[in-house]
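**Student:** This one is start-v6.pdb, PDB, C-alpha atoms.
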MODEL        1
ATOM      1  CA  ASP A  28       0.000   0.000   0.000
ATOM      2  CA  THR A  29       3.038   2.304   0.089
ATOM      3  CA  ASP A  30       5.187   4.070  -2.458
ATOM      4  CA  ALA A  31       8.967   3.654  -2.742
ATOM      5  CA  GLY A  32       9.440   6.087   0.151
ATOM      6  CA  GLY A  33       7.326   3.965   2.514
ATOM      7  CA  VAL A  34       4.365   6.376   2.557
ATOM      8  CA  VAL A  35       0.844   5.069   1.961
ATOM      9  CA  TYR A  36      -0.249   6.061  -1.542
ATOM     10  CA  TYR A  37      -3.188   8.491  -1.323
ATOM     11  CA  ALA A  38      -5.636   6.368  -3.352
ATOM     12  CA  ASN A  39      -5.145   3.413  -1.018
ATOM     13  CA  TYR A  40      -6.867   5.300   1.783
ATOM     14  CA  LEU A  41     -10.059   4.891  -0.251
ATOM     15  CA  LYS A  42      -9.566   1.112  -0.114
ATOM     16  CA  PHE A  43      -9.237   1.284   3.666
ATOM     17  CA  LEU A  44     -12.460   3.311   3.881
ATOM     18  CA  GLU A  45     -14.269   0.826   1.629
ATOM     19  CA  ARG A  46     -13.229  -2.124   3.785
ATOM     20  CA  ALA A  47     -14.447  -0.340   6.903
ATOM     21  CA  ARG A  48     -17.858   0.374   5.319
ATOM     22  CA  SER A  49     -18.126  -3.290   4.309
ATOM     23  CA  GLU A  50     -17.351  -4.322   7.892
ATOM     24  CA  TRP A  51     -19.877  -1.785   9.183
ATOM     25  CA  LEU A  52     -22.578  -3.343   6.983
ATOM     26  CA  ARG A  53     -21.513  -6.808   8.135
ATOM     27  CA  SER A  54     -21.796  -5.728  11.788
ATOM     28  CA  LEU A  55     -25.438  -4.858  11.067
ATOM     29  CA  GLY A  56     -26.026  -8.303   9.572
ATOM     30  CA  PHE A  57     -25.756  -7.353   5.894
ATOM     31  CA  GLU A  58     -23.325  -9.160   3.608
ATOM     32  CA  GLN A  59     -23.011  -7.256   0.359
ATOM     33  CA  ASP A  60     -23.168 -10.312  -1.909
ATOM     34  CA  GLU A  61     -26.282 -11.534  -0.086
ATOM     35  CA  MET A  62     -27.954  -8.109  -0.357
ATOM     36  CA  ALA A  63     -27.308  -8.142  -4.096
ATOM     37  CA  ALA A  64     -28.712 -11.661  -4.510
ATOM     38  CA  ARG A  65     -31.631 -11.467  -2.048
ATOM     39  CA  ASP A  66     -32.643  -7.807  -2.201
ATOM     40  CA  GLY A  67     -31.276  -6.857  -5.616
ATOM     41  CA  VAL A  68     -29.405  -3.844  -4.209
ATOM     42  CA  LEU A  69     -25.879  -2.540  -3.961
ATOM     43  CA  PHE A  70     -24.470   0.555  -2.303
ATOM     44  CA  VAL A  71     -22.088   2.458  -4.561
ATOM     45  CA  VAL A  72     -19.996   5.493  -3.729
ATOM     46  CA  ARG A  73     -21.356   8.626  -5.343
ATOM     47  CA  ARG A  74     -19.239  11.256  -3.622
ATOM     48  CA  VAL A  75     -16.061  11.374  -1.537
ATOM     49  CA  GLU A  76     -14.622  14.318   0.367
ATOM     50  CA  ALA A  77     -11.298  13.510   1.977
ATOM     51  CA  ASP A  78      -8.917  15.630   4.021
ATOM     52  CA  TYR A  79      -5.455  14.111   4.189
ATOM     53  CA  LEU A  80      -4.059  15.386   7.475
ATOM     54  CA  ARG A  81      -0.879  13.343   7.984
ATOM     55  CA  PRO A  82       0.811  10.514   6.110
ATOM     56  CA  ALA A  83       0.607   6.873   7.092
ATOM     57  CA  ARG A  84       3.788   4.884   6.646
ATOM     58  CA  PHE A  85       4.870   1.309   6.048
ATOM     59  CA  ASN A  86       3.997  -0.958   9.012
ATOM     60  CA  ASP A  87       1.793   1.641  10.754
ATOM     61  CA  MET A  88      -1.089   0.097  12.663
ATOM     62  CA  LEU A  89      -4.142   1.984  11.440
ATOM     63  CA  SER A  90      -7.732   2.028  12.603
ATOM     64  CA  VAL A  91     -10.685   3.171  10.533
ATOM     65  CA  SER A  92     -13.936   4.344  12.051
ATOM     66  CA  SER A  93     -17.261   4.712  10.267
ATOM     67  CA  ARG A  94     -20.221   6.693  11.547
ATOM     68  CA  LEU A  95     -23.591   7.050   9.860
ATOM     69  CA  ILE A  96     -24.566  10.714   9.542
ATOM     70  CA  GLU A  97     -27.696  10.644   7.411
ATOM     71  CA  VAL A  98     -29.990   8.112   5.790
ATOM     72  CA  GLY A  99     -32.141   9.169   2.867
ATOM     73  CA  ARG A 100     -34.629   7.021   0.995
ATOM     74  CA  ALA A 101     -32.027   6.060  -1.633
ATOM     75  CA  SER A 102     -28.682   7.095  -0.131
ATOM     76  CA  LEU A 103     -26.653   7.346   3.007
ATOM     77  CA  GLU A 104     -23.857   9.580   4.202
ATOM     78  CA  MET A 105     -21.035   8.509   6.472
ATOM     79  CA  ALA A 106     -18.178  10.191   8.299
ATOM     80  CA  GLN A 107     -15.020   8.131   8.366
ATOM     81  CA  THR A 108     -11.631   8.641   9.944
ATOM     82  CA  ILE A 109      -8.311   6.860   9.681
ATOM     83  CA  GLN A 110      -6.075   7.037  12.718
ATOM     84  CA  ARG A 111      -2.682   5.851  13.933
ATOM     85  CA  GLY A 112      -3.260   5.546  17.643
ATOM     86  CA  ALA A 113      -4.812   8.854  18.731
ATOM     87  CA  GLU A 114      -3.412  10.729  15.716
ATOM     88  CA  ARG A 115      -5.920  11.489  12.959
ATOM     89  CA  LEU A 116      -4.494  10.908   9.508
ATOM     90  CA  LEU A 117      -7.590  11.318   7.340
ATOM     91  CA  GLU A 118     -11.140  12.594   7.696
ATOM     92  CA  ALA A 119     -13.689  11.761   5.023
ATOM     93  CA  ARG A 120     -17.356  12.087   4.182
ATOM     94  CA  ILE A 121     -18.836   9.489   1.858
ATOM     95  CA  ARG A 122     -22.204   9.562   0.097
ATOM     96  CA  ALA A 123     -23.313   6.135  -1.113
ATOM     97  CA  ALA A 124     -26.305   5.539  -3.354
ATOM     98  CA  CYS A 125     -28.545   2.502  -3.268
ATOM     99  CA  VAL A 126     -28.765   1.048  -6.774
ATOM    100  CA  ASN A 127     -30.366  -1.909  -8.482
ATOM    101  CA  ALA A 128     -27.800  -4.720  -8.582
ATOM    102  CA  THR A 129     -28.636  -5.520 -12.214
ATOM    103  CA  ASP A 130     -28.862  -2.190 -14.027
ATOM    104  CA  PHE A 131     -27.262   0.155 -11.455
ATOM    105  CA  ARG A 132     -30.241   2.524 -11.506
ATOM    106  CA  PRO A 133     -30.942   4.358  -8.234
ATOM    107  CA  MET A 134     -33.604   2.796  -6.058
ATOM    108  CA  ARG A 135     -35.079   3.137  -2.599
ATOM    109  CA  ILE A 136     -33.291   1.396   0.235
ATOM    110  CA  PRO A 137     -35.368  -1.712   1.073
ATOM    111  CA  LYS A 138     -37.445  -1.171   4.200
ATOM    112  CA  HIS A 139     -35.765  -3.856   6.332
ATOM    113  CA  ILE A 140     -32.315  -2.383   5.544
ATOM    114  CA  TYR A 141     -33.477   1.213   6.031
ATOM    115  CA  GLU A 142     -34.975   0.397   9.429
ATOM    116  CA  ARG A 143     -31.744  -1.284  10.548
ATOM    117  CA  PHE A 144     -29.719   1.827   9.676
TER     118      PHE A 144
ENDMDL
END
Could you show the structure in this file as structure tokens?

**Tutor:**
Amino acid sequence: DTDAGGVVYYANYLKFLERARSEWLRSLGFEQDEMAARDGVLFVVRRVEADYLRPARFNDMLSVSSRLIEVGRASLEMAQTIQRGAERLLEARIRAACVNATDFRPMRIPKHIYERF
């Protein structure tokens, strides 16, 4: 995940955020492949705002937190942070849209998922 200088490449932070959102969904009982098969929905990133505050380096132990800010009928917004210990390295806001798993058209979040959020 790092460049030749041992610093985490900026685009890789997005991968870390994605993994944390997947784990957040899993903690609520939603596996993404099962949601696609059973409910016909996926959540796709529509917008990312990221503030890179400090660099992460090779072998740093990082933690990523995810907090739901807003749930709309067809989207959700999350605040996410990446930290090394108590030091904040990145702050981000993510807007994800609920889309049909087949044609990727926007759709309402299914009621049982919406209520869980």

**Student:** What is the distance, in Å and to one decimal place, between atom CA of A:Ser54 and atom CA of A:Ser102?

**Tutor:** 18.8 Å

**Student:** Taking into account all atoms listed in the file, which residue in the set A:Ile136, A:Asp130, A:Tyr141, A:Met105 is nearest to A:Phe70?

**Tutor:**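 Of A:Ile136, A:Asp130, A:Tyr141, A:Met105, the one nearest A:Phe70, counting all atoms listed in the file, is A:Ile136.
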
**Student:** Given all atoms listed in the file as the basis, pick out the residue of A:Arg143, A:Arg84, A:Arg53, A:Arg73 nearest to A:Gln110.

**Tutor:**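 Of A:Arg143, A:Arg84, A:Arg53, A:Arg73, the one nearest A:Gln110, counting all atoms listed in the file, is A:Arg84.
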
**Student:** As a PyMOL selection string, please: the residues near stretch 96-101 of chain A (cut-off 7 Å, all atoms listed in the file, same-chain neighbours under 6 positions excluded).

**Tutor:** chain A and resi 124-125+133-136

**Student:** Near A:Asp30, counting all atoms listed in the file, which residues have an atom at most 10 Å away, once you skip same-chain residues fewer than 5 positions from it, shown as an MDAnalysis selection string?

**Tutor:** chainID A and resid 35:37 84:85

**Student:** Just C-alpha atoms for this one: save the residues we selected as a short mmCIF file (atom, residue, chain, number, x, y, z; two decimals), keeping the file's coordinate frame.

**Tutor:**
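Saved file selection-v5.cif follows:
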data_model
loop_
_atom_site.label_atom_id
_atom_site.label_comp_id
_atom_site.auth_asym_id
_atom_site.auth_seq_id
_atom_site.Cartn_x
_atom_site.Cartn_y
_atom_site.Cartn_z
CA VAL A 35 0.84 5.07 1.96
CA TYR A 36 -0.25 6.06 -1.54
CA TYR A 37 -3.19 8.49 -1.32
CA ARG A 84 3.79 4.88 6.65
CA PHE A 85 4.87 1.31 6.05
#

**Student:** My list of candidates is A:Arg94, A:His139, A:Arg81, A:Arg132. Which is closest to A:Leu117 when distances are computed with all atoms listed in the file?

**Tutor:** A:Arg81
